[in-house]
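Undergrad: Questions regarding the structure given below will be posed in turn.
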Amino acid sequence: MDIEVLGTLAVREQGVSVTPTAPKPRQVLALLALHADHVVPVSALIEELWAGAPPRSARTTLQTYVLQLRALIASALEQGAAAAEGAEGAAGRRTAKDVLVTLPGGYLLNSGDGTSDVREFDRLAGIGYRAMDAGDFPGAARQLREALALWSGPAFADVHGGIQLDMEARRLEETRLCALDQRIEADLRLGRHRELLAELTVLASRYRTHENLHGQFMLALHRSGRRGEALDVYQRLRATLVRELGLEPSAALRRLQRSILMAAPESPVATDTNNERLVRVG
């Protein structure tokens, strides 16, 4: 089974789509697919579908959605078996109940060692983080770029999510932003500040209160000889933070602004005694 949730939902068994079009079964499949090969409790599925106000028939209705998904899976298995006729005996074939398994307290989507874009993202991002820690900035930038390329849009972009999926979508978006932050950091370490300007312009506009992205934008502008624009970025961020959150920029960002104002000599990114990352001019 091949699973994609980092963008539109796509689940395929033996190359055949098993993604339903009806909203509720689609929600069920999305949650099962995200947690493929792990049990998803019935309670979590009911909360996802009915947001804490389930009807009396909730369990029966959920079972109906599961049966609809199994029908799609069975059709995909039949098509796959027909395409590979003679490759193996019928006794070795998976059934729909082998793929979407009923277990005590919940359901499990058995991927059969298939692919998952979330698992691949986590794997590549982990390699990238370790490369950053080892000072291998070219390797980190490459691995993190590959990880981020797996995203085609917001997670579950075409699924009308409930409480569970919305929470998972926010979690996944945070992991994406962490990988993006580290990839930009690696590119800055490699002197690619001019190449980053267009991307950071868009990101600073999209994430108007994200301090580290704005700090990276300021640094890239300053290194590109655009000191005034770098200071303007700080002032816009400060105005947004004060107006929307009632907060001043962090101490790290204020230090960066002072460094730019003073045209400080080139120095590396450092860490203070409180483990706060300092973005310095350089």
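By convention here, the chains of the structure tokens are called A, B, ... in the order presented, each chain's residues are numbered starting at 1, and ligands are numbered starting at 1 in the order presented.
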Using backbone DSSP assignments, extract all alpha helix (DSSP H) residues from stretch 62-207 of chain A; output them as a PyMOL selection string.
TA: chain A and resi 62-83+96-99+117-133+137-148+163-189+193-206
Undergrad: Do a neighbour search on stretch 39-56 of chain A at 6 Å with only C-alpha atoms, toss out local chain neighbours closer than 5 positions, and write the hits as a PyMOL selection string.
TA: chain A and resi 105-108+162-164
Undergrad: Could you write out the selected residues, including C-alpha atoms, as a PDB file, in the first residue's frame?
TA:
ATOM      1  CA  GLY A 105     -10.817  -1.376  20.593  1.00  0.00           C
ATOM      2  CA  GLY A 106      -9.966  -0.121  17.114  1.00  0.00           C
ATOM      3  CA  TYR A 107      -8.861  -0.571  13.532  1.00  0.00           C
ATOM      4  CA  LEU A 108      -5.469  -0.911  11.864  1.00  0.00           C
ATOM      5  CA  GLY A 162     -12.426  17.088  12.380  1.00  0.00           C
ATOM      6  CA  ILE A 163     -10.705  17.489  15.752  1.00  0.00           C
ATOM      7  CA  GLN A 164      -8.172  14.685  15.291  1.00  0.00           C
TER       8      GLN A 164
END
Undergrad: Provide the atom CA of A:Met262 to atom CA of A:Leu197 distance in Å, to one decimal place.
TA: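 According to the coordinates, atom CA of A:Met262 and atom CA of A:Leu197 are separated by 22.1 Å.
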Undergrad: Interatomic distance between atom CA of A:Ala81 and atom CA of A:Ala96?
TA: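 About the pair atom CA of A:Ala81 and atom CA of A:Ala96: they are 12.7 Å apart.
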Undergrad: Grab the atom CA of A:Gln182 to atom CA of A:Gly139 distance for me, in Å with one decimal place.
TA: 11.8 Å
